[in-house]
>>> print(open('entry_21.cif').read())   # mmCIF, C-alpha atoms
data_upload
#
loop_
_atom_site.label_atom_id
_atom_site.label_comp_id
_atom_site.auth_asym_id
_atom_site.auth_seq_id
_atom_site.Cartn_x
_atom_site.Cartn_y
_atom_site.Cartn_z
CA MET A 293 -24.47 -87.16 -191.23
CA LYS A 294 -25.35 -86.86 -194.88
CA ILE A 295 -25.62 -83.09 -194.47
CA TRP A 296 -22.04 -82.84 -193.14
CA LEU A 297 -20.79 -85.02 -195.97
CA LEU A 298 -22.40 -82.77 -198.54
CA LEU A 299 -20.84 -79.66 -196.96
CA VAL A 300 -17.38 -81.25 -197.07
CA LEU A 301 -17.77 -82.18 -200.74
CA LEU A 302 -18.89 -78.64 -201.63
CA LEU A 303 -15.86 -77.11 -199.88
CA MET A 304 -13.47 -79.50 -201.65
CA HIS A 305 -15.02 -78.60 -205.01
CA GLU A 306 -14.54 -74.79 -204.44
CA ALA A 307 -10.92 -75.34 -203.34
CA LEU A 308 -10.16 -77.28 -206.54
CA GLU A 309 -11.69 -74.47 -208.65
CA ASP A 310 -9.43 -71.87 -206.91
CA VAL A 311 -6.30 -73.90 -207.54
CA THR A 312 -7.06 -74.46 -211.20
CA GLY A 313 -7.92 -70.72 -211.58
CA GLN A 314 -4.46 -69.66 -210.36
CA HIS A 315 -2.68 -71.69 -213.01
CA PRO A 316 -4.57 -71.49 -216.25
CA ALA A 317 -3.45 -73.79 -218.96
CA LYS A 318 -1.02 -72.27 -221.50
CA ASN A 319 -1.74 -72.67 -225.17
CA LYS A 320 1.67 -73.86 -226.36
CA ARG A 321 2.51 -75.05 -229.81
CA PRO A 322 4.95 -77.92 -230.14
CA LYS A 323 8.48 -76.75 -231.06
CA GLU A 324 10.02 -78.01 -234.17
CA PRO A 325 13.23 -80.02 -233.92
CA GLY A 326 16.29 -77.73 -233.82
CA GLU A 327 14.24 -74.62 -233.02
CA ASN A 328 15.94 -72.12 -230.66
CA ARG A 329 14.54 -72.76 -227.22
CA ILE A 330 15.90 -69.47 -225.69
CA LYS A 331 13.10 -67.15 -224.71
CA PRO A 332 13.17 -64.04 -226.92
CA THR A 333 13.29 -60.64 -225.19
CA ASN A 334 12.41 -57.07 -226.21
CA LYS A 335 15.68 -55.59 -224.81
CA LYS A 336 17.17 -52.98 -227.16
CA VAL A 337 20.90 -53.29 -227.81
CA LYS A 338 22.82 -50.13 -228.77
CA PRO A 339 25.28 -50.69 -231.56
CA LYS A 340 28.89 -49.94 -230.65
CA ILE A 341 30.22 -46.93 -232.51
CA PRO A 342 34.02 -46.58 -232.71
CA LYS A 343 35.33 -43.46 -230.99
CA ILE A 344 36.72 -40.79 -233.25
CA LYS A 345 39.84 -39.21 -231.75
CA ASP A 346 39.92 -36.21 -234.04
CA ARG A 347 36.94 -34.88 -235.89
CA ASP A 348 39.10 -33.00 -238.32
CA SER A 349 41.52 -35.82 -239.04
CA ALA A 350 42.33 -34.23 -242.36
CA ASP A 351 43.60 -31.09 -240.62
CA PRO A 352 47.28 -31.59 -239.77
CA THR A 353 47.37 -28.53 -237.44
CA PRO A 354 47.93 -29.68 -233.82
CA LYS A 355 45.07 -28.90 -231.44
CA THR A 356 45.93 -26.78 -228.40
CA GLN A 357 44.80 -28.43 -225.17
CA SER A 358 45.02 -26.87 -221.74
CA ILE A 359 47.67 -28.50 -219.58
CA MET A 360 46.49 -26.69 -216.43
CA THR A 361 44.53 -28.22 -213.55
CA GLN A 362 43.35 -26.75 -210.27
CA MET A 363 43.54 -28.59 -206.95
CA MET A 364 40.13 -28.79 -205.35
CA ASP A 365 39.14 -30.05 -201.89
CA LYS A 366 40.07 -33.58 -200.79
CA GLY A 367 42.75 -33.96 -203.44
CA ARG A 368 40.46 -33.63 -206.45
CA PHE A 369 41.70 -31.89 -209.61
CA GLN A 370 39.79 -30.23 -212.43
CA LYS A 371 40.56 -28.01 -215.38
CA PRO A 372 39.92 -24.39 -214.41
CA ALA A 373 37.50 -22.23 -216.38
CA ALA A 374 38.64 -19.17 -218.30
CA THR A 375 37.67 -17.06 -215.27
CA LEU A 376 37.43 -18.11 -211.62
CA SER A 377 36.11 -16.38 -208.51
CA LEU A 378 37.77 -17.31 -205.21
CA THR A 379 37.40 -15.83 -201.76
CA ALA A 380 40.43 -13.98 -200.43
CA GLY A 381 42.28 -16.11 -197.91
CA GLN A 382 41.86 -19.32 -199.88
CA THR A 383 44.91 -21.30 -200.96
CA LEU A 384 45.36 -21.59 -204.71
CA GLU A 385 47.19 -24.56 -206.19
CA LEU A 386 47.62 -24.94 -209.94
CA ARG A 387 49.46 -27.68 -211.80
CA CYS A 388 50.61 -27.86 -215.39
CA LYS A 389 51.64 -31.11 -217.01
CA GLY A 390 55.22 -31.20 -218.30
CA ASN A 391 58.82 -31.43 -217.14
CA LYS A 392 59.81 -27.90 -218.26
CA ILE A 393 57.00 -25.54 -217.25
CA VAL A 394 57.19 -21.74 -217.26
CA TRP A 395 54.69 -19.68 -215.22
CA SER A 396 53.24 -16.20 -215.57
CA TYR A 397 51.27 -14.52 -212.79
CA PRO A 398 50.31 -10.99 -211.64
CA ALA A 399 53.37 -8.72 -211.58
CA TYR A 400 52.35 -7.62 -208.08
CA LEU A 401 53.58 -10.96 -206.72
CA ASP A 402 56.97 -10.56 -208.42
CA THR A 403 57.48 -6.89 -207.60
CA PHE A 404 57.44 -7.47 -203.87
CA LYS A 405 59.06 -10.94 -203.96
CA ASP A 406 56.05 -12.27 -202.12
CA THR A 407 56.82 -15.31 -199.95
CA ARG A 408 53.18 -16.41 -200.16
CA LEU A 409 53.91 -17.61 -203.70
CA SER A 410 55.71 -20.87 -204.37
CA VAL A 411 56.64 -22.24 -207.80
CA LYS A 412 58.14 -25.72 -208.08
CA GLN A 413 59.05 -28.06 -210.92
CA HIS A 414 58.42 -31.76 -210.33
CA GLU A 415 59.33 -34.65 -212.57
CA ARG A 416 56.05 -34.66 -214.49
CA TYR A 417 54.39 -31.35 -213.68
CA GLY A 418 54.96 -27.77 -212.58
CA GLN A 419 53.24 -26.54 -209.43
CA LEU A 420 52.18 -23.03 -208.38
CA THR A 421 50.88 -22.46 -204.85
CA LEU A 422 49.57 -19.18 -203.42
CA VAL A 423 48.59 -19.04 -199.74
CA ASN A 424 46.69 -16.33 -197.85
CA SER A 425 45.41 -14.83 -201.10
CA THR A 426 44.23 -11.20 -201.20
CA ALA A 427 42.28 -8.98 -203.59
CA ALA A 428 45.61 -7.63 -204.87
CA ASP A 429 46.40 -11.09 -206.31
CA THR A 430 43.58 -10.79 -208.86
CA GLY A 431 44.85 -11.37 -212.37
CA GLU A 432 45.96 -13.83 -215.04
CA PHE A 433 47.72 -17.07 -214.10
CA SER A 434 49.17 -18.98 -217.04
CA CYS A 435 51.71 -21.66 -217.87
CA TRP A 436 53.32 -23.22 -220.91
CA GLY A 437 55.73 -25.97 -221.81
CA GLN A 438 59.09 -25.49 -223.49
CA LEU A 439 60.72 -27.08 -226.53
CA CYS A 440 64.47 -27.12 -226.01
CA THR A 441 67.35 -27.82 -228.35
CA GLY A 442 70.45 -27.84 -226.23
CA TYR A 443 70.41 -24.65 -224.17
CA VAL A 444 68.01 -22.88 -226.51
CA CYS A 445 64.34 -23.15 -225.53
CA ARG A 446 61.16 -21.77 -227.04
CA ARG A 447 57.52 -21.74 -226.00
CA ASP A 448 55.45 -24.78 -226.97
CA GLU A 449 52.23 -23.22 -228.23
CA ALA A 450 50.50 -26.62 -228.25
CA LYS A 451 50.93 -27.01 -224.48
CA THR A 452 49.57 -24.01 -222.60
CA GLY A 453 47.04 -23.21 -219.90
CA SER A 454 45.60 -20.08 -218.33
CA THR A 455 42.86 -18.75 -216.10
CA TYR A 456 41.95 -15.27 -214.82
CA ILE A 457 41.17 -15.34 -211.11
CA PHE A 458 39.08 -12.82 -209.16
CA PHE A 459 39.94 -12.84 -205.45
CA THR A 460 36.94 -11.27 -203.77
CA GLU A 461 37.59 -9.50 -200.48
CA LYS A 462 35.20 -7.61 -198.21
CA GLY A 463 35.41 -3.89 -198.82
CA GLU A 464 37.58 -4.23 -201.93
CA LEU A 465 35.71 -3.93 -205.21
CA PHE A 466 38.85 -2.69 -207.01
CA VAL A 467 42.20 -4.41 -207.16
CA PRO A 468 44.21 -2.35 -204.63
CA SER A 469 46.75 0.11 -206.01
CA PRO A 470 50.12 0.77 -204.32
CA SER A 471 49.54 4.53 -204.60
CA HIS A 472 46.60 6.92 -204.20
CA PHE A 473 47.36 8.77 -207.41
CA ASP A 474 48.77 7.46 -210.68
CA VAL A 475 49.79 8.85 -214.07
CA VAL A 476 48.66 7.42 -217.42
CA TYR A 477 50.45 8.68 -220.52
CA LEU A 478 48.47 9.11 -223.72
CA ASN A 479 50.53 8.29 -226.78
CA PRO A 480 49.04 8.93 -230.24
CA ASP A 481 50.39 5.70 -231.73
CA ARG A 482 49.28 3.17 -229.13
CA GLN A 483 46.46 2.36 -226.73
CA ALA A 484 46.35 3.82 -223.22
CA VAL A 485 44.87 1.98 -220.24
CA VAL A 486 43.29 3.33 -217.05
CA PRO A 487 43.83 0.18 -214.93
CA CYS A 488 40.52 0.04 -213.03
CA ARG A 489 40.34 -3.73 -212.48
CA VAL A 490 37.70 -5.20 -210.20
CA THR A 491 37.66 -8.19 -207.87
CA VAL A 492 34.03 -9.09 -208.52
CA LEU A 493 33.10 -10.53 -211.90
CA SER A 494 29.58 -9.08 -211.87
CA ALA A 495 30.61 -5.55 -210.86
CA LYS A 496 29.38 -2.61 -212.93
CA VAL A 497 32.23 -0.19 -213.64
CA THR A 498 32.00 3.37 -214.95
CA LEU A 499 34.62 6.01 -215.79
CA HIS A 500 34.33 9.61 -214.54
CA ARG A 501 36.13 12.90 -215.11
CA GLU A 502 36.89 14.91 -211.98
CA PHE A 503 36.55 18.36 -213.57
CA PRO A 504 34.22 19.14 -215.09
CA ALA A 505 32.44 16.39 -213.18
CA LYS A 506 30.80 13.95 -215.59
CA GLU A 507 30.69 10.30 -216.59
CA ILE A 508 32.84 9.34 -219.58
CA PRO A 509 30.91 6.79 -221.66
CA ALA A 510 32.69 3.64 -222.82
CA ASN A 511 31.10 3.67 -226.26
CA GLY A 512 33.08 0.78 -227.72
CA THR A 513 34.61 2.86 -230.49
CA ASP A 514 36.75 5.42 -228.65
CA ILE A 515 36.87 3.88 -225.17
CA VAL A 516 36.12 0.28 -224.18
CA TYR A 517 36.11 -1.51 -220.84
CA ASP A 518 38.22 -4.67 -220.59
CA LEU A 519 37.54 -6.69 -217.45
CA LYS A 520 41.16 -7.87 -217.31
CA ARG A 521 42.81 -4.50 -218.09
CA GLY A 522 40.51 -1.57 -217.30
CA PHE A 523 39.29 1.29 -219.50
CA VAL A 524 41.16 1.26 -222.81
CA TYR A 525 41.57 4.43 -224.89
CA LEU A 526 41.81 3.04 -228.42
CA GLN A 527 43.05 6.23 -230.09
CA PRO A 528 44.38 8.62 -227.43
CA HIS A 529 44.58 12.34 -228.19
CA SER A 530 45.21 15.56 -226.25
CA GLY A 531 41.48 16.04 -225.66
CA HIS A 532 41.49 13.03 -223.31
CA GLN A 533 43.76 14.76 -220.80
CA GLY A 534 42.63 15.41 -217.25
CA VAL A 535 42.04 13.68 -213.93
CA VAL A 536 39.74 10.64 -214.01
CA TYR A 537 38.58 7.95 -211.59
CA CYS A 538 36.43 4.81 -211.74
CA LYS A 539 33.34 3.77 -209.82
CA ALA A 540 32.33 0.15 -209.18
CA GLU A 541 28.97 -1.16 -207.99
CA ALA A 542 28.23 -4.72 -206.85
CA GLY A 543 25.92 -6.32 -204.28
CA GLY A 544 24.35 -3.02 -203.33
CA LYS A 545 27.73 -1.47 -202.51
CA SER A 546 29.84 1.03 -204.42
CA GLN A 547 33.47 2.11 -204.34
CA ILE A 548 35.64 4.81 -205.91
CA SER A 549 39.07 3.97 -207.34
CA VAL A 550 42.29 5.96 -207.01
CA LYS A 551 42.63 8.98 -209.31
CA TYR A 552 44.54 8.93 -212.58
CA GLN A 553 46.21 11.91 -214.22
CA LEU A 554 46.06 11.52 -218.01
CA LEU A 555 48.97 13.27 -219.74
CA TYR A 556 49.50 13.52 -223.47
CA ALA A 557 52.95 12.41 -224.67
CA GLN A 558 54.30 14.30 -227.67
CA VAL A 559 57.30 12.11 -228.53
CA PRO A 560 56.45 9.05 -230.65
CA SER A 561 57.65 5.61 -229.61
CA GLY A 562 60.88 4.19 -230.99
CA PRO A 563 64.61 3.90 -230.17
CA PRO A 564 65.99 6.73 -228.00
CA SER A 565 66.56 10.11 -229.63
CA THR A 566 70.07 10.68 -228.28
CA THR A 567 72.60 13.53 -228.32
CA ILE A 568 76.06 13.84 -226.78
CA LEU A 569 77.98 16.95 -225.76
CA ALA A 570 81.35 17.47 -224.05
CA SER A 571 82.04 20.45 -221.78
CA ALA A 572 85.12 21.01 -223.97
CA ASN A 573 86.59 19.08 -226.89
CA LYS A 574 90.12 20.26 -226.17
CA VAL A 575 91.31 20.07 -222.58
CA GLN A 576 94.58 20.89 -220.86
CA GLY A 577 96.21 18.45 -218.47
CA GLY A 578 94.86 18.73 -214.93
CA ASP A 579 91.53 20.24 -215.99
CA ASP A 580 88.14 18.70 -215.22
CA VAL A 581 85.92 17.57 -218.08
CA SER A 582 82.38 16.19 -218.34
CA VAL A 583 80.45 14.55 -221.18
CA LEU A 584 76.65 14.76 -221.25
CA CYS A 585 74.41 12.18 -222.98
CA THR A 586 70.76 13.26 -223.36
CA VAL A 587 67.65 11.37 -224.49
CA LEU A 588 64.22 12.82 -225.28
CA GLY A 589 61.54 10.18 -225.06
CA GLU A 590 58.15 9.04 -223.87
CA PRO A 591 57.21 9.97 -220.29
CA ASP A 592 56.76 6.39 -219.10
CA VAL A 593 59.67 4.75 -220.96
CA GLU A 594 62.85 4.23 -218.96
CA VAL A 595 66.28 4.61 -220.55
CA GLU A 596 69.50 2.80 -219.66
CA PHE A 597 72.92 4.28 -220.43
CA LYS A 598 76.22 2.55 -221.11
CA TRP A 599 79.57 4.32 -221.51
CA THR A 600 82.77 3.45 -223.33
CA TYR A 601 85.73 5.81 -222.75
CA PRO A 602 89.53 5.87 -223.39
CA GLY A 603 90.77 5.20 -219.85
CA GLN A 604 88.34 2.31 -219.26
CA LYS A 605 90.88 -0.46 -219.83
CA ASP A 606 93.30 1.19 -217.40
CA GLU A 607 90.48 1.50 -214.83
CA ARG A 608 90.71 5.26 -214.89
CA PRO A 609 88.39 6.58 -212.14
CA VAL A 610 85.34 8.41 -213.49
CA THR A 611 82.02 9.51 -212.03
CA ILE A 612 78.76 8.62 -213.84
CA GLN A 613 75.47 10.12 -212.72
CA ASP A 614 72.07 9.33 -214.32
CA SER A 615 68.88 11.35 -213.90
CA TRP A 616 65.55 12.11 -215.57
CA ARG A 617 62.69 14.59 -215.36
CA LEU A 618 59.44 15.45 -217.12
CA ILE A 619 59.03 18.67 -219.07
CA HIS A 620 55.78 20.18 -220.34
CA ARG A 621 55.94 21.67 -223.80
CA GLY A 622 52.64 23.50 -223.82
CA LEU A 623 49.15 22.27 -224.82
CA GLY A 624 49.55 19.46 -222.31
CA HIS A 625 52.36 17.75 -224.24
CA THR A 626 54.80 15.95 -221.92
CA THR A 627 58.29 14.68 -222.67
CA ARG A 628 60.81 12.80 -220.56
CA ILE A 629 64.43 13.98 -220.52
CA SER A 630 66.89 11.29 -219.44
CA GLN A 631 70.52 12.28 -218.94
CA SER A 632 73.80 10.61 -218.06
CA VAL A 633 76.90 12.63 -217.14
CA LEU A 634 80.41 11.14 -217.20
CA SER A 635 82.92 13.31 -215.28
CA ILE A 636 86.73 13.13 -215.09
CA GLU A 637 88.95 15.07 -212.70
CA ASP A 638 92.56 16.00 -213.53
CA PHE A 639 92.51 15.20 -217.22
CA GLU A 640 95.49 13.09 -218.35
CA THR A 641 96.85 11.92 -221.70
CA ILE A 642 95.17 8.51 -221.36
CA ASP A 643 91.81 10.30 -221.16
CA ALA A 644 92.07 11.65 -224.72
CA GLY A 645 89.98 9.89 -227.37
CA TYR A 646 86.40 8.83 -228.16
CA TYR A 647 83.63 8.97 -225.53
CA ILE A 648 80.80 6.68 -226.63
CA CYS A 649 77.32 6.72 -225.09
CA THR A 650 74.76 3.97 -225.79
CA ALA A 651 71.17 4.65 -224.75
CA GLN A 652 68.64 1.80 -224.74
CA ASN A 653 64.89 1.50 -224.16
CA LEU A 654 62.31 -1.20 -224.91
CA GLN A 655 62.14 -0.19 -228.59
CA GLY A 656 65.88 -0.36 -229.29
CA GLN A 657 69.15 1.44 -228.74
CA THR A 658 71.10 4.40 -230.13
CA THR A 659 74.84 5.06 -229.95
CA VAL A 660 76.48 8.49 -230.17
CA ALA A 661 80.08 9.59 -229.73
CA THR A 662 82.28 12.66 -229.31
CA THR A 663 86.02 13.27 -228.92
CA VAL A 664 87.99 14.95 -226.18
CA GLU A 665 91.63 15.83 -226.99
CA SER A 666 94.58 17.28 -225.15
CA SER A 667 95.25 20.87 -226.12
#
>>> encode(input="entry_21.cif", output="structure tokens")
Amino acid sequence: MKIWLLLVLLLMHEALEDVTGQHPAKNKRPKEPGENRIKPTNKKVKPKIPKIKDRDSADPTPKTQSIMTQMMDKGRFQKPAATLSLTAGQTLELRCKGNKIVWSYPAYLDTFKDTRLSVKQHERYGQLTLVNSTAADTGEFSCWGQLCTGYVCRRDEAKTGSTYIFFTEKGELFVPSPSHFDVVYLNPDRQAVVPCRVTVLSAKVTLHREFPAKEIPANGTDIVYDLKRGFVYLQPHSGHQGVVYCKAEAGGKSQISVKYQLLYAQVPSGPPSTTILASANKVQGGDDVSVLCTVLGEPDVEVEFKWTYPGQKDERPVTIQDSWRLIHRGLGHTTRISQSVLSIEDFETIDAGYYICTAQNLQGQTTVATTVESS
């Protein structure tokens, strides 16, 4: 009995030692009256720094911020990068903030009045939507707001947005061309562009002459390659003439572009160089008479004609026929002749007077005149 009692006492003693070992006594000092009783922590607190809206607050020049956003999946929007790569067939939706938004997009979409393109103006933003996109849609998409005073509006340079979009399509490394052969005119006073644009951002593009067959290096001083334009001749001259084409390589595949005929233009740019000549300056009643207005100009510059003649107010019937053709003046120099012929049958007294021809191109206009009298 005594043995069992001793065993019980030993077990109780070990249990008490375990309990006291789990909760050792803390060496606390008595707190002084009024001392903060909140337990201090080592948590680091970051000081609040006021946000600076404009780093260059001293600069009064307004900062240009992009107003363009791109619609992503599930209704998300984000600002597009300077260049984007989309797969052909995707729907493109761009929005620009503002109540008077103007859009610019590849001319291809305007030329053919493409119904795949939709441009709308909402109360607070402009919207551009392109469905069933193709490689031919590759190009610059931009927008800007307008500042209007009455009916006069101008571009708001502080509110713009743009992005260049590559629409990649299987089997199309180059942006498709509407023709298989094109002409590029070389003018001595402005740059010339061979428009070999690609649909793949990473494509390697080279320029080649057809005869004699060789690669034309884009050395950066005479010829440069611009991803958004093509091969740019910085200072064109007659030695650049000939037939050229481009070659693109990407993803282990290569493709040849359409061919371009480079022609040197002799006539410098400017308002039309215009002359006027009548078949006769003195005409008898009942005779036929014609007045010819001729313009010599650049091969790729169109000319519009406008006539003023004596019988115009009386709605005198006349026939006006416009035409143009290219002429080669030797050494590869090419000039465009544009002509307009005004013809009158059965000359009458009201037909006598001044015949005025106004020719206009992108650089300006020129007016010439001659007289036709009754003999």
>>> resolve_selection(input="entry_21.cif", expression="the PyMOL selection byres ((chain A and resi 436-438) around 12)", output="number ranges by chain")
A: 356-360, 387-396, 413, 416-419, 433-435, 439-454
>>> atom_distance(input="entry_21.cif", atom1="CA of Pro487 (chain A)", atom2="CA of Ile619 (chain A)")
24.3 Å
>>> closest_residue(input="entry_21.cif", among="A:Val610, A:Ser666, A:Pro564, A:Trp599", to="Tyr647 (chain A)", atoms="all atoms listed in the file")
A:Trp599
>>> closest_residue(input="entry_21.cif", among="A:Val550, A:Ser565, A:Tyr477, A:Val490", to="Gly534 (chain A)", atoms="only C-alpha atoms")
A:Tyr477
>>> closest_residue(input="entry_21.cif", among="A:Leu618, A:Val593, A:Ala557, A:Ile612", to="Gln655 (chain A)", atoms="all atoms listed in the file")
A:Val593
>>> atom_distance(input="entry_21.cif", atom1="CA of Thr566 (chain A)", atom2="CA of Ala644 (chain A)")
22.3 Å
>>> residues_around(input="entry_21.cif", residues="Lys551 (chain A)", least_positions_apart="5", cutoff="6 Å", atoms="all atoms listed in the file", output="JSON, numbers by chain")
{"A": [473, 536, 537]}
>>> resolve_selection(input="entry_21.cif", expression="the PyMOL selection byres ((chain A and resi 464) around 9)", output="PDB file with C-alpha atoms, in the coordinates of the input")
ATOM      1  CA  ALA A 427      42.280  -8.980-203.590  1.00  0.00           C
ATOM      2  CA  THR A 460      36.940 -11.270-203.770  1.00  0.00           C
ATOM      3  CA  GLU A 461      37.590  -9.500-200.480  1.00  0.00           C
ATOM      4  CA  LYS A 462      35.200  -7.610-198.210  1.00  0.00           C
ATOM      5  CA  GLY A 463      35.410  -3.890-198.820  1.00  0.00           C
ATOM      6  CA  LEU A 465      35.710  -3.930-205.210  1.00  0.00           C
ATOM      7  CA  PHE A 466      38.850  -2.690-207.010  1.00  0.00           C
ATOM      8  CA  VAL A 467      42.200  -4.410-207.160  1.00  0.00           C
ATOM      9  CA  PRO A 468      44.210  -2.350-204.630  1.00  0.00           C
ATOM     10  CA  VAL A 490      37.700  -5.200-210.200  1.00  0.00           C
ATOM     11  CA  THR A 491      37.660  -8.190-207.870  1.00  0.00           C
ATOM     12  CA  VAL A 492      34.030  -9.090-208.520  1.00  0.00           C
ATOM     13  CA  GLN A 547      33.470   2.110-204.340  1.00  0.00           C
TER      14      GLN A 547
END
>>> residues_around(input="entry_21.cif", residues="Val524 (chain A)", least_positions_apart="6", cutoff="12 Å", atoms="all atoms listed in the file", output="ChimeraX atom specification")
/A:476,478,482-489,499,509-518,532
>>> write_last_selection(input="entry_21.cif", atoms="C-alpha atoms", output="PDB file, in the frame of the given file")
ATOM      1  CA  VAL A 476      48.660   7.420-217.420  1.00  0.00           C
ATOM      2  CA  LEU A 478      48.470   9.110-223.720  1.00  0.00           C
ATOM      3  CA  ARG A 482      49.280   3.170-229.130  1.00  0.00           C
ATOM      4  CA  GLN A 483      46.460   2.360-226.730  1.00  0.00           C
ATOM      5  CA  ALA A 484      46.350   3.820-223.220  1.00  0.00           C
ATOM      6  CA  VAL A 485      44.870   1.980-220.240  1.00  0.00           C
ATOM      7  CA  VAL A 486      43.290   3.330-217.050  1.00  0.00           C
ATOM      8  CA  PRO A 487      43.830   0.180-214.930  1.00  0.00           C
ATOM      9  CA  CYS A 488      40.520   0.040-213.030  1.00  0.00           C
ATOM     10  CA  ARG A 489      40.340  -3.730-212.480  1.00  0.00           C
ATOM     11  CA  LEU A 499      34.620   6.010-215.790  1.00  0.00           C
ATOM     12  CA  PRO A 509      30.910   6.790-221.660  1.00  0.00           C
ATOM     13  CA  ALA A 510      32.690   3.640-222.820  1.00  0.00           C
ATOM     14  CA  ASN A 511      31.100   3.670-226.260  1.00  0.00           C
ATOM     15  CA  GLY A 512      33.080   0.780-227.720  1.00  0.00           C
ATOM     16  CA  THR A 513      34.610   2.860-230.490  1.00  0.00           C
ATOM     17  CA  ASP A 514      36.750   5.420-228.650  1.00  0.00           C
ATOM     18  CA  ILE A 515      36.870   3.880-225.170  1.00  0.00           C
ATOM     19  CA  VAL A 516      36.120   0.280-224.180  1.00  0.00           C
ATOM     20  CA  TYR A 517      36.110  -1.510-220.840  1.00  0.00           C
ATOM     21  CA  ASP A 518      38.220  -4.670-220.590  1.00  0.00           C
ATOM     22  CA  HIS A 532      41.490  13.030-223.310  1.00  0.00           C
TER      23      HIS A 532
END
>>> atom_distance(input="entry_21.cif", atom1="CA of Lys506 (chain A)", atom2="CA of Pro470 (chain A)")
26.0 Å
>>> resolve_selection(input="entry_21.cif", expression="the PyMOL selection byres ((chain A and resi 634) around 6)", output="mmCIF file with C-alpha atoms, keeping the file's coordinate frame")
data_model
loop_
_atom_site.group_PDB
_atom_site.id
_atom_site.type_symbol
_atom_site.label_atom_id
_atom_site.label_comp_id
_atom_site.auth_asym_id
_atom_site.auth_seq_id
_atom_site.Cartn_x
_atom_site.Cartn_y
_atom_site.Cartn_z
ATOM 1 C CA SER A 582 82.380 16.190 -218.340
ATOM 2 C CA VAL A 583 80.450 14.550 -221.180
ATOM 3 C CA THR A 611 82.020 9.510 -212.030
ATOM 4 C CA ILE A 612 78.760 8.620 -213.840
ATOM 5 C CA VAL A 633 76.900 12.630 -217.140
ATOM 6 C CA SER A 635 82.920 13.310 -215.280
#
>>> closest_residue(input="entry_21.cif", among="A:Glu415, A:Asp580, A:Asp606, A:Glu432", to="Leu376 (chain A)", atoms="all atoms listed in the file")
A:Glu432
>>> closest_residue(input="entry_21.cif", among="A:Asn653, A:Ser632, A:Gln533, A:Gln362", to="Gly562 (chain A)", atoms="all atoms listed in the file")
A:Asn653
>>> residues_near_point(input="entry_21.cif", point="(42.2, -16.3, -216.5)", cutoff="6 Å", atoms="all atoms listed in the file", output="PyMOL selection string")
chain A and resi 374-375+432+454-457
>>> closest_residue(input="entry_21.cif", among="A:Ile508, A:Ile568, A:Leu493, A:Val581", to="Ile648 (chain A)", atoms="all atoms listed in the file")
A:Ile568
>>> residues_around(input="entry_21.cif", residues="Arg628 (chain A)", least_positions_apart="5", cutoff="6 Å", atoms="only C-alpha atoms", output="JSON, numbers by chain")
{"A": [588, 589, 590, 591, 617, 618]}
>>> residues_around(input="entry_21.cif", residues="Asp365 (chain A)", least_positions_apart="4", cutoff="12 Å", atoms="only C-alpha atoms", output="PDB file with C-alpha atoms, in the frame of the given file")
ATOM      1  CA  PHE A 369      41.700 -31.890-209.610  1.00  0.00           C
ATOM      2  CA  GLN A 370      39.790 -30.230-212.430  1.00  0.00           C
ATOM      3  CA  GLN A 382      41.860 -19.320-199.880  1.00  0.00           C
ATOM      4  CA  THR A 383      44.910 -21.300-200.960  1.00  0.00           C
ATOM      5  CA  LEU A 384      45.360 -21.590-204.710  1.00  0.00           C
ATOM      6  CA  GLU A 385      47.190 -24.560-206.190  1.00  0.00           C
TER       7      GLU A 385
END
>>> decode(input="entry_21.cif", residues="region 540-562 of chain A", atoms="C-alpha atoms", output="tab-separated table (two decimals), in the first residue's frame")
chain	number	residue	atom	x	y	z
A	540	ALA	CA	9.88	39.83	-97.40
A	541	GLU	CA	10.94	37.00	-95.10
A	542	ALA	CA	9.21	35.98	-91.86
A	543	GLY	CA	8.63	32.72	-90.01
A	544	GLY	CA	10.64	30.71	-92.49
A	545	LYS	CA	8.52	31.92	-95.41
A	546	SER	CA	9.27	34.46	-98.13
A	547	GLN	CA	7.19	36.46	-100.58
A	548	ILE	CA	7.80	38.75	-103.57
A	549	SER	CA	5.88	42.02	-103.93
A	550	VAL	CA	4.35	43.48	-107.09
A	551	LYS	CA	6.77	45.23	-109.46
A	552	TYR	CA	7.29	48.98	-109.55
A	553	GLN	CA	8.41	50.99	-112.55
A	554	LEU	CA	10.51	53.96	-111.39
A	555	LEU	CA	10.26	56.91	-113.80
A	556	TYR	CA	12.14	60.17	-113.49
A	557	ALA	CA	9.94	63.30	-113.68
A	558	GLN	CA	11.57	66.31	-115.31
A	559	VAL	CA	9.01	68.99	-114.42
A	560	PRO	CA	9.45	70.47	-110.92
A	561	SER	CA	6.50	70.69	-108.56
A	562	GLY	CA	4.43	73.85	-108.34
